[in-house]
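All remarks here apply to the structure that follows.
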2 protein chains.
Amino acid sequence: MSNSSTNSPEQHTASTPARILEVATQLFAENGFEKTTVRQISEAAGVNVAAVNYHFSDKEALYAEVLSRAHQCATSLHPARVAFEAGHPEEALREFVGILIKRIFDREHNQVFGRLMAFEMMQPTRALERLVEQEFLPTMKALSRIIVGVLGIDPGPAVLRRLCYSIVGQIVFYKHAGPLLSRMNPTLEYDDKEITELANHITRFSIAALRGYQIPREQDQ
Amino acid sequence: MSNSSTNSPEQHTASTPARILEVATQLFAENGFEKTTVRQISEAAGVNVAAVNYHFSDKEALYAEVLSRAHQCATSLHPARVAFEAGHPEEALREFVGILIKRIFDREHNQVFGRLMAFEMMQPTRALERLVEQEFLPTMKALSRIIVGVLGIDPGPAVLRRLCYSIVGQIVFYKHAGPLLSRMNPTLEYDDKEITELANHITRFSIAALRGYQIPREQDQ
DNA sequence: GGTCGTTTCAAACAGGCGTTTGACGGAGAG
DNA sequence: CTCTCCGTCAAACGCCTGTTTGAAACGACC
């Protein structure tokens, strides 16, 4: 009929499975899979408990659906360019960092994807396996190519891996350590401006690091 | 009577609360607070369920005790020098990174502290508040001083904060993303050699970044 | 030997969990 | 109208959670 979110409060507009999905996404992202109960979801969605098991077969299947949709949403809203290495490698790195930051914070969707991923990395469910193959490995390969471009030479697999993790680690830190950061800087909130400056900083930091990086000779692998 | 860990298998040697603590530490670090049940702990420790509530008042108090002991253990095994800024600032940074890495991996204690911290950062319990005050804020201040030393000038609080997080983020990434990393590199295990190279890499990366970092003018705070 | 405080134990407690059931009601088709 | 399918619902299912209970066993002291 009408839009789903721009309506009178406490009024059911979307279909039951849609409402369940929406609420479940929010709760899973807030509290993780374990701490979120089916009754919490059903009550918040204003539906019967049995509706969750009726429309989705069980809680884990619902979670898998939530994760899949959040991933699709994040990648479609902030798509990675088909080829990062098109232009200047340092510009490609800037774009890479920007996209990952945007996906992780994603203010339009309450940073759902970032939180879900953080939970998934700590306590993986079966839903993670597919994401590793389809998403993370290709992303790491893309980042590796960018790094080789910035460095000018290929430092070998082990060093390349650590360089990737150094860059990605800077980014995902803000999601993984979220509750800690909000305790250390209670006043600081991550609005668009802060996120932009964050992306600029990580790009600047990483490019400076790569430019001045003394590549060690590989001894393993 | 005798030592606690170097004994015949399946034999109870330590006192009941000691056994509970030992097993609970292991299980909490593996599965987090929520997924670990009191019955799991009591069975693994070979004691009655009620023993947990008898010796420690409840599950949360036991967890707080575990966290406190793990923290003490990590800081005493890998103590931070009273003043990092004693020698050359870049050497101080090397030492800082090395200590944090050692605390997080801590192979002698099954990397317990790192895992517990990772869980605590994602889903903080009340036990976190104390650690923020006593541990993280002072650590960040120490790292800030080191960074100012390496840079040569004070870049201001916002930039300094981001620089701290860029360095710490690289380190804690290996704990937060642990399950993911083991899926992406199934053969790679983090033994002493790998950990040493890891510390060297992060130090090299960070120093190069700080040396070449173009400090932006602060606009906020 | 008797007594006291401490520790252990099987059993039960109340409550929450994910899931299933069977009845109810409305809408569309024959 | 009747039949059927689909969605919803209150209620219950069996299981597991953290915690408590009251009795039994223990060791030390007088």
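Letters for chains follow the order of the structure tokens (A, B, ...), residue numbers begin at 1 for each chain, and ligand numbers begin at 1 in the order shown.
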
Might you pull out every residue within 8 Å of A:Ile99, with only C-alpha atoms (C1' of nucleotides) counted and same-chain residues fewer than 2 positions away left off, and present them as a PyMOL selection string? chain A and resi 78-80+95-97+101-103

Mind writing the picked residues with C-alpha atoms as a compact mmCIF listing (two decimals), in the first residue's frame?
# COMPACT_ATOMS: atom_id res chain seq x y z
CA HIS A 78 28.10 1.12 -1.02
CA PRO A 79 29.22 -0.92 -3.99
CA ALA A 80 32.86 -1.63 -4.57
CA GLU A 95 38.21 4.55 -2.20
CA PHE A 96 38.64 1.14 -0.63
CA VAL A 97 38.88 2.59 2.86
CA ILE A 101 33.96 2.63 6.44
CA LYS A 102 30.64 3.47 4.86
CA ARG A 103 29.53 -0.15 4.96

Tell me as a VMD selection string which residues belonging to chain C come within 10 Å of chain B, counting only C-alpha atoms (C1' of nucleotides). chain C and resid 7 to 10

Near chain A, 9 Å: chain B residue rows, closest pairs, only C-alpha atoms, as a Markdown table:
| residue | atom | partner | partner_atom | distance |
| --- | --- | --- | --- | --- |
| B:Asn31 | CA | A:Gln123 | CA | 7.6 |
| B:Gly32 | CA | A:Gln123 | CA | 8.7 |
| B:Glu34 | CA | A:Glu34 | CA | 7.3 |
| B:Lys35 | CA | A:Glu34 | CA | 7.4 |
| B:Ala118 | CA | A:Met122 | CA | 7.8 |
| B:Phe119 | CA | A:Met122 | CA | 7.5 |
| B:Glu120 | CA | A:Leu180 | CA | 8.5 |
| B:Met121 | CA | A:Ala177 | CA | 5.2 |
| B:Met122 | CA | A:His176 | CA | 5.9 |
| B:Gln123 | CA | A:Pro179 | CA | 7.4 |
| B:Pro124 | CA | A:Pro179 | CA | 6.9 |
| B:Leu128 | CA | A:Leu180 | CA | 8.3 |
| B:Glu129 | CA | A:Arg183 | CA | 8.0 |
| B:Val132 | CA | A:Met184 | CA | 7.1 |
| B:Glu133 | CA | A:Met184 | CA | 8.5 |
| B:Phe136 | CA | A:Met184 | CA | 8.1 |
| B:Leu137 | CA | A:Met184 | CA | 7.0 |
| B:Val159 | CA | A:His201 | CA | 8.1 |
| B:Arg162 | CA | A:His201 | CA | 7.3 |
| B:Leu163 | CA | A:Phe205 | CA | 8.0 |
| B:Tyr165 | CA | A:Gln170 | CA | 7.0 |
| B:Ser166 | CA | A:Gln170 | CA | 4.9 |
| B:Ile167 | CA | A:Gln170 | CA | 7.3 |
| B:Val168 | CA | A:Gln170 | CA | 7.9 |
| B:Gly169 | CA | A:Gln170 | CA | 4.7 |
| B:Gln170 | CA | A:Gly169 | CA | 4.7 |
| B:Ile171 | CA | A:Gly169 | CA | 7.6 |
| B:Val172 | CA | A:Phe173 | CA | 7.6 |
| B:Phe173 | CA | A:Gly169 | CA | 5.0 |
| B:Tyr174 | CA | A:Gly169 | CA | 8.0 |
| B:Lys175 | CA | A:Met122 | CA | 8.4 |
| B:His176 | CA | A:Met122 | CA | 5.9 |
| B:Ala177 | CA | A:Met121 | CA | 5.2 |
| B:Gly178 | CA | A:Met122 | CA | 7.0 |
| B:Pro179 | CA | A:Met121 | CA | 5.9 |
| B:Leu180 | CA | A:Met121 | CA | 5.6 |
| B:Leu181 | CA | A:Met121 | CA | 8.8 |
| B:Arg183 | CA | A:Val132 | CA | 7.5 |
| B:Met184 | CA | A:Leu137 | CA | 7.0 |
| B:Leu198 | CA | A:Arg162 | CA | 7.4 |
| B:His201 | CA | A:Arg162 | CA | 7.3 |
| B:Ile202 | CA | A:Ser166 | CA | 7.2 |
| B:Arg204 | CA | A:Tyr213 | CA | 6.6 |
| B:Phe205 | CA | A:Ala209 | CA | 5.2 |
| B:Ser206 | CA | A:Ala209 | CA | 6.4 |
| B:Ile207 | CA | A:Ala209 | CA | 7.4 |
| B:Ala208 | CA | A:Ala209 | CA | 4.6 |
| B:Ala209 | CA | A:Ala209 | CA | 3.7 |
| B:Leu210 | CA | A:Phe205 | CA | 7.3 |
| B:Arg211 | CA | A:Ala208 | CA | 7.6 |
| B:Gly212 | CA | A:Ala208 | CA | 4.9 |
| B:Tyr213 | CA | A:Ala208 | CA | 5.7 |
| B:Gln214 | CA | A:Arg204 | CA | 7.2 |
| B:Pro216 | CA | A:His201 | CA | 8.7 |

Write out, as a short mmCIF file (atom, residue, chain, number, x, y, z; two decimals), in the first residue's frame, the residues just selected, with N, CA and C atoms.
data_model
loop_
_atom_site.label_atom_id
_atom_site.label_comp_id
_atom_site.auth_asym_id
_atom_site.auth_seq_id
_atom_site.Cartn_x
_atom_site.Cartn_y
_atom_site.Cartn_z
N ASN B 31 33.83 -19.29 24.87
CA ASN B 31 32.47 -19.11 24.39
C ASN B 31 31.80 -17.83 24.86
N GLY B 32 32.47 -17.04 25.67
CA GLY B 32 31.85 -15.83 26.17
C GLY B 32 30.98 -16.10 27.38
N GLU B 34 27.68 -15.42 27.94
CA GLU B 34 26.31 -15.88 27.70
C GLU B 34 26.26 -17.37 27.39
N LYS B 35 27.12 -17.81 26.49
CA LYS B 35 27.03 -19.19 26.01
C LYS B 35 27.62 -20.19 26.98
N ALA B 118 38.03 -9.28 24.12
CA ALA B 118 37.28 -9.15 22.87
C ALA B 118 35.78 -9.29 23.12
N PHE B 119 35.42 -10.29 23.93
CA PHE B 119 34.00 -10.46 24.27
C PHE B 119 33.50 -9.25 25.05
N GLU B 120 34.31 -8.79 25.96
CA GLU B 120 33.88 -7.69 26.83
C GLU B 120 33.66 -6.42 26.02
N MET B 121 34.48 -6.23 25.00
CA MET B 121 34.32 -5.03 24.18
C MET B 121 33.05 -5.08 23.35
N MET B 122 32.70 -6.29 22.91
CA MET B 122 31.50 -6.40 22.09
C MET B 122 30.23 -6.29 22.93
N GLN B 123 30.19 -7.07 24.00
CA GLN B 123 29.01 -7.08 24.87
C GLN B 123 29.47 -6.85 26.30
N PRO B 124 29.66 -5.60 26.63
CA PRO B 124 30.25 -5.31 27.94
C PRO B 124 29.36 -5.72 29.10
N LEU B 128 33.38 -4.27 32.92
CA LEU B 128 34.21 -3.47 32.01
C LEU B 128 34.52 -2.09 32.56
N GLU B 129 33.56 -1.50 33.24
CA GLU B 129 33.70 -0.11 33.69
C GLU B 129 35.02 0.10 34.43
N VAL B 132 38.09 0.07 32.16
CA VAL B 132 38.27 1.28 31.36
C VAL B 132 39.04 2.32 32.16
N GLU B 133 38.60 2.53 33.38
CA GLU B 133 39.25 3.53 34.22
C GLU B 133 40.68 3.14 34.55
N PHE B 136 42.48 1.01 30.39
CA PHE B 136 42.48 1.48 29.01
C PHE B 136 42.80 2.96 28.90
N LEU B 137 42.20 3.77 29.75
CA LEU B 137 42.49 5.19 29.68
C LEU B 137 43.97 5.49 29.94
N VAL B 159 43.10 14.18 16.44
CA VAL B 159 44.04 13.44 15.60
C VAL B 159 44.79 12.41 16.44
N ARG B 162 42.69 9.36 16.99
CA ARG B 162 42.61 8.49 15.81
C ARG B 162 43.92 7.75 15.57
N LEU B 163 45.01 8.40 15.86
CA LEU B 163 46.31 7.72 15.70
C LEU B 163 46.44 6.56 16.68
N TYR B 165 43.99 4.82 17.95
CA TYR B 165 43.10 3.75 17.51
C TYR B 165 43.65 3.04 16.29
N SER B 166 44.37 3.75 15.43
CA SER B 166 44.95 3.10 14.26
C SER B 166 45.99 2.07 14.67
N ILE B 167 46.72 2.38 15.71
CA ILE B 167 47.76 1.44 16.17
C ILE B 167 47.13 0.30 16.95
N VAL B 168 46.26 0.63 17.90
CA VAL B 168 45.63 -0.41 18.70
C VAL B 168 44.74 -1.29 17.83
N GLY B 169 44.07 -0.67 16.87
CA GLY B 169 43.19 -1.42 15.97
C GLY B 169 43.92 -2.51 15.22
N GLN B 170 45.11 -2.20 14.76
CA GLN B 170 45.90 -3.22 14.07
C GLN B 170 46.15 -4.42 14.96
N ILE B 171 46.37 -4.17 16.24
CA ILE B 171 46.73 -5.25 17.16
C ILE B 171 45.53 -6.11 17.51
N VAL B 172 44.49 -5.44 18.02
CA VAL B 172 43.36 -6.21 18.54
C VAL B 172 42.57 -6.88 17.43
N PHE B 173 42.80 -6.45 16.20
CA PHE B 173 42.14 -7.09 15.07
C PHE B 173 42.34 -8.60 15.08
N TYR B 174 43.53 -9.01 15.47
CA TYR B 174 43.84 -10.43 15.41
C TYR B 174 43.05 -11.24 16.43
N LYS B 175 42.58 -10.59 17.48
CA LYS B 175 41.72 -11.31 18.42
C LYS B 175 40.26 -11.21 17.99
N HIS B 176 39.82 -10.02 17.63
CA HIS B 176 38.42 -9.84 17.29
C HIS B 176 38.02 -10.66 16.08
N ALA B 177 38.90 -10.71 15.12
CA ALA B 177 38.56 -11.40 13.88
C ALA B 177 39.11 -12.82 13.86
N GLY B 178 39.49 -13.32 15.01
CA GLY B 178 40.13 -14.62 15.09
C GLY B 178 39.45 -15.72 14.30
N PRO B 179 38.19 -16.01 14.57
CA PRO B 179 37.51 -17.08 13.82
C PRO B 179 37.50 -16.83 12.31
N LEU B 180 37.41 -15.57 11.95
CA LEU B 180 37.43 -15.25 10.52
C LEU B 180 38.80 -15.53 9.92
N LEU B 181 39.84 -15.12 10.63
CA LEU B 181 41.20 -15.32 10.11
C LEU B 181 41.52 -16.79 9.95
N ARG B 183 39.55 -19.02 9.23
CA ARG B 183 38.85 -19.55 8.06
C ARG B 183 39.50 -19.09 6.76
N MET B 184 40.10 -17.90 6.79
CA MET B 184 40.72 -17.40 5.57
C MET B 184 42.11 -18.00 5.37
N LEU B 198 54.72 -10.52 13.62
CA LEU B 198 53.54 -9.66 13.66
C LEU B 198 53.85 -8.36 14.40
N HIS B 201 56.05 -6.25 12.29
CA HIS B 201 55.31 -5.63 11.19
C HIS B 201 54.51 -4.42 11.65
N ILE B 202 53.74 -4.60 12.71
CA ILE B 202 52.87 -3.51 13.18
C ILE B 202 53.72 -2.32 13.62
N ARG B 204 56.76 -1.56 12.44
CA ARG B 204 57.30 -0.98 11.21
C ARG B 204 56.22 -0.16 10.50
N PHE B 205 55.05 -0.74 10.36
CA PHE B 205 53.94 -0.08 9.68
C PHE B 205 53.58 1.23 10.38
N SER B 206 53.49 1.19 11.70
CA SER B 206 53.03 2.36 12.44
C SER B 206 54.08 3.46 12.44
N ILE B 207 55.33 3.08 12.59
CA ILE B 207 56.39 4.10 12.60
C ILE B 207 56.47 4.78 11.24
N ALA B 208 56.40 3.97 10.18
CA ALA B 208 56.41 4.56 8.84
C ALA B 208 55.23 5.50 8.66
N ALA B 209 54.07 5.09 9.19
CA ALA B 209 52.87 5.93 9.07
C ALA B 209 53.06 7.24 9.82
N LEU B 210 53.59 7.15 11.04
CA LEU B 210 53.75 8.37 11.85
C LEU B 210 54.79 9.30 11.24
N ARG B 211 55.86 8.71 10.71
CA ARG B 211 56.89 9.55 10.10
C ARG B 211 56.35 10.33 8.91
N GLY B 212 55.54 9.67 8.10
CA GLY B 212 55.06 10.32 6.88
C GLY B 212 53.69 10.94 7.00
N TYR B 213 53.14 10.94 8.24
CA TYR B 213 51.77 11.40 8.42
C TYR B 213 51.66 12.91 8.23
N GLN B 214 50.78 13.31 7.34
CA GLN B 214 50.50 14.75 7.13
C GLN B 214 49.44 15.16 8.13
N PRO B 216 46.60 16.86 9.75
CA PRO B 216 45.57 17.82 9.32
C PRO B 216 45.31 18.83 10.42
#

Return as a ChimeraX atom specification the residues belonging to chain B that are within 9 Å of chain D, counting only C-alpha atoms (C1' of nucleotides). /B:37-38,50,53,58-59

Please identify all polymer residues within 10 Å of B:Val66, counting only C-alpha atoms (C1' of nucleotides), omitting same-chain residues fewer than 5 positions from it, and present them as a PyMOL selection string. chain B and resi 20-26+28-29+60-61+71-72+112-113+116

Restricting the output to C-alpha atoms, write the selected residues as an mmCIF file, in the first residue's frame.
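The new file selection-v9.cif reads:
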data_model
loop_
_atom_site.group_PDB
_atom_site.id
_atom_site.type_symbol
_atom_site.label_atom_id
_atom_site.label_comp_id
_atom_site.auth_asym_id
_atom_site.auth_seq_id
_atom_site.Cartn_x
_atom_site.Cartn_y
_atom_site.Cartn_z
ATOM 1 C CA ILE B 20 36.126 -23.869 39.168
ATOM 2 C CA LEU B 21 38.106 -20.728 38.447
ATOM 3 C CA GLU B 22 40.484 -22.514 36.120
ATOM 4 C CA VAL B 23 37.780 -24.233 34.108
ATOM 5 C CA ALA B 24 35.531 -21.174 34.078
ATOM 6 C CA THR B 25 38.349 -19.018 32.745
ATOM 7 C CA GLN B 26 38.860 -21.443 29.901
ATOM 8 C CA PHE B 28 34.388 -18.016 29.339
ATOM 9 C CA ALA B 29 37.325 -17.234 27.069
ATOM 10 C CA GLU B 60 28.320 -13.017 37.223
ATOM 11 C CA ALA B 61 30.532 -12.727 40.300
ATOM 12 C CA HIS B 71 43.818 -9.081 33.729
ATOM 13 C CA GLN B 72 46.208 -9.324 36.647
ATOM 14 C CA VAL B 112 42.608 -16.135 27.612
ATOM 15 C CA PHE B 113 42.908 -12.444 28.342
ATOM 16 C CA LEU B 116 37.870 -12.228 27.318
#

DSSP alpha helix (DSSP H) residues within stretch 2-220 of chain A, listed as a PyMOL selection string: chain A and resi 16-35+38-45+49-55+59-77+89-105+112-122+127-131+137-151+157-176+178-184+192-212

Hey, can you spit out that residue selection with C-alpha atoms as a CSV table (one decimal), in the first residue's frame?
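Final output, saved to result_3.csv:
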chain,number,residue,atom,x,y,z
A,16,THR,CA,4.1,-9.9,9.0
A,17,PRO,CA,7.3,-11.5,7.7
A,18,ALA,CA,8.6,-8.1,6.7
A,19,ARG,CA,7.9,-6.7,10.1
A,20,ILE,CA,9.6,-9.7,11.7
A,21,LEU,CA,12.6,-9.3,9.5
A,22,GLU,CA,12.9,-5.6,10.2
A,23,VAL,CA,12.7,-5.9,14.0
A,24,ALA,CA,14.9,-9.0,14.0
A,25,THR,CA,17.6,-7.2,12.1
A,26,GLN,CA,17.6,-4.4,14.6
A,27,LEU,CA,17.7,-6.7,17.7
A,28,PHE,CA,20.3,-9.1,16.3
A,29,ALA,CA,22.5,-6.2,15.5
A,30,GLU,CA,22.1,-4.8,19.0
A,31,ASN,CA,22.4,-7.8,21.1
A,32,GLY,CA,23.7,-10.6,18.9
A,33,PHE,CA,22.2,-14.0,18.1
A,34,GLU,CA,22.3,-15.5,21.5
A,35,LYS,CA,20.9,-12.7,23.6
A,38,VAL,CA,12.2,-15.1,19.6
A,39,ARG,CA,9.7,-13.6,22.0
A,40,GLN,CA,11.5,-10.3,22.0
A,41,ILE,CA,11.3,-10.2,18.3
A,42,SER,CA,7.7,-11.2,18.1
A,43,GLU,CA,6.6,-8.7,20.8
A,44,ALA,CA,8.6,-5.8,19.2
A,45,ALA,CA,7.0,-6.7,15.8
A,49,VAL,CA,5.4,-15.9,18.8
A,50,ALA,CA,4.5,-18.7,16.4
A,51,ALA,CA,4.7,-16.3,13.4
A,52,VAL,CA,8.5,-16.5,13.5
A,53,ASN,CA,8.5,-20.2,13.2
A,54,TYR,CA,5.7,-20.1,10.7
A,55,HIS,CA,7.2,-17.7,8.2
A,59,LYS,CA,15.4,-18.8,14.7
A,60,GLU,CA,18.7,-19.7,13.0
A,61,ALA,CA,17.1,-19.5,9.5
A,62,LEU,CA,15.7,-16.1,10.4
A,63,TYR,CA,19.1,-15.0,11.5
A,64,ALA,CA,20.7,-16.3,8.2
A,65,GLU,CA,18.1,-14.3,6.3
A,66,VAL,CA,18.8,-11.2,8.3
A,67,LEU,CA,22.5,-11.5,7.7
A,68,SER,CA,22.1,-12.2,4.0
A,69,ARG,CA,19.8,-9.2,3.6
A,70,ALA,CA,22.1,-6.9,5.6
A,71,HIS,CA,25.0,-8.0,3.5
A,72,GLN,CA,23.1,-7.4,0.2
A,73,CYS,CA,22.0,-4.0,1.6
A,74,ALA,CA,25.5,-2.9,2.6
A,75,THR,CA,27.1,-4.0,-0.7
A,76,SER,CA,24.4,-2.5,-2.9
A,77,LEU,CA,24.3,0.8,-1.0
A,89,PRO,CA,46.7,3.1,-6.7
A,90,GLU,CA,46.7,5.6,-3.8
A,91,GLU,CA,43.3,6.8,-5.0
A,92,ALA,CA,42.1,3.2,-5.2
A,93,LEU,CA,43.2,2.8,-1.5
A,94,ARG,CA,41.3,5.9,-0.5
A,95,GLU,CA,38.2,4.6,-2.2
A,96,PHE,CA,38.6,1.1,-0.6
A,97,VAL,CA,38.9,2.6,2.9
A,98,GLY,CA,35.9,4.9,2.2
A,99,ILE,CA,33.7,2.1,1.1
A,100,LEU,CA,34.5,-0.2,4.0
A,101,ILE,CA,34.0,2.6,6.4
A,102,LYS,CA,30.6,3.5,4.9
A,103,ARG,CA,29.5,-0.1,5.0
A,104,ILE,CA,30.5,-0.5,8.6
A,105,PHE,CA,28.9,2.7,9.8
A,112,VAL,CA,23.4,-2.9,11.3
A,113,PHE,CA,25.8,-4.7,9.0
A,114,GLY,CA,28.9,-3.6,10.9
A,115,ARG,CA,27.5,-4.9,14.2
A,116,LEU,CA,26.2,-8.2,12.7
A,117,MET,CA,29.7,-8.7,11.2
A,118,ALA,CA,31.4,-8.0,14.4
A,119,PHE,CA,29.3,-10.5,16.2
A,120,GLU,CA,29.7,-13.0,13.5
A,121,MET,CA,33.5,-12.7,13.6
A,122,MET,CA,33.6,-13.3,17.3
A,127,ALA,CA,26.1,-18.3,8.0
A,128,LEU,CA,29.8,-17.0,8.1
A,129,GLU,CA,31.2,-19.7,5.8
A,130,ARG,CA,29.4,-18.4,2.8
A,131,LEU,CA,30.4,-14.8,3.5
A,137,LEU,CA,38.5,-13.5,0.3
A,138,PRO,CA,37.7,-11.4,-2.9
A,139,THR,CA,37.9,-8.2,-0.9
A,140,MET,CA,41.3,-9.2,0.5
A,141,LYS,CA,42.5,-10.0,-3.0
A,142,ALA,CA,41.4,-6.6,-4.2
A,143,LEU,CA,43.1,-4.9,-1.3
A,144,SER,CA,46.2,-6.9,-2.0
A,145,ARG,CA,46.4,-5.7,-5.5
A,146,ILE,CA,45.9,-2.1,-4.4
A,147,ILE,CA,48.7,-2.5,-1.9
A,148,VAL,CA,51.1,-3.9,-4.5
A,149,GLY,CA,50.2,-0.9,-6.6
A,150,VAL,CA,51.0,1.5,-3.9
A,151,LEU,CA,54.2,-0.3,-2.9
A,157,PRO,CA,52.2,-13.4,0.6
A,158,ALA,CA,52.9,-13.2,4.3
A,159,VAL,CA,53.9,-9.5,4.3
A,160,LEU,CA,50.9,-8.8,2.0
A,161,ARG,CA,48.6,-10.5,4.3
A,162,ARG,CA,49.8,-8.5,7.3
A,163,LEU,CA,49.5,-5.3,5.4
A,164,CYS,CA,45.9,-6.1,4.5
A,165,TYR,CA,45.1,-6.8,8.1
A,166,SER,CA,46.8,-3.6,9.3
A,167,ILE,CA,44.5,-1.6,7.1
A,168,VAL,CA,41.3,-3.6,7.7
A,169,GLY,CA,42.1,-3.7,11.4
A,170,GLN,CA,42.1,0.0,11.7
A,171,ILE,CA,38.7,0.2,10.1
A,172,VAL,CA,36.8,-2.6,11.9
A,173,PHE,CA,38.2,-1.6,15.2
A,174,TYR,CA,35.6,1.1,15.4
A,175,LYS,CA,32.9,-1.6,15.3
A,176,HIS,CA,34.5,-4.2,17.4
A,178,GLY,CA,32.3,0.2,19.9
A,179,PRO,CA,31.0,-0.1,23.5
A,180,LEU,CA,34.5,0.5,24.8
A,181,LEU,CA,35.0,3.6,22.7
A,182,SER,CA,31.7,5.1,23.8
A,183,ARG,CA,32.9,4.6,27.4
A,184,MET,CA,36.3,6.2,26.8
A,192,ASP,CA,28.9,12.0,8.9
A,193,LYS,CA,31.6,14.5,9.5
A,194,GLU,CA,33.4,12.3,12.0
A,195,ILE,CA,33.2,9.3,9.6
A,196,THR,CA,34.6,11.4,6.8
A,197,GLU,CA,37.5,12.5,8.8
A,198,LEU,CA,38.0,9.0,10.0
A,199,ALA,CA,38.2,7.7,6.5
A,200,ASN,CA,40.6,10.5,5.6
A,201,HIS,CA,42.7,9.7,8.6
A,202,ILE,CA,43.0,5.9,7.9
A,203,THR,CA,43.8,6.6,4.3
A,204,ARG,CA,46.4,9.1,5.2
A,205,PHE,CA,47.9,6.8,7.9
A,206,SER,CA,47.9,3.8,5.6
A,207,ILE,CA,49.4,5.5,2.6
A,208,ALA,CA,52.2,7.1,4.7
A,209,ALA,CA,52.8,3.6,6.2
A,210,LEU,CA,53.0,1.9,2.8
A,211,ARG,CA,55.2,4.6,1.3
A,212,GLY,CA,57.7,4.3,4.1

If I take atom CA of A:Gly46 and atom C1' of C:DG28, how far is one from the other in Å, to one decimal?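 Atom C1' of C:DG28 lies 26.9 Å from atom CA of A:Gly46.
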
Could you tell me how far atom C1' of C:DG18 sits from atom CA of A:Phe56, in Å to one decimal place? 12.8 Å

Could you check how far atom CA of B:His88 sits from atom CA of B:Ile153, in Å to one decimal?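 Interatomic distance, atom CA of B:His88 to atom CA of B:Ile153: 14.9 Å.
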
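Across B:Gly87, B:Thr125, B:Gly156, B:Arg107, the tightest approach to B:Tyr190 is made by B:Arg107 when counting only C-alpha atoms.
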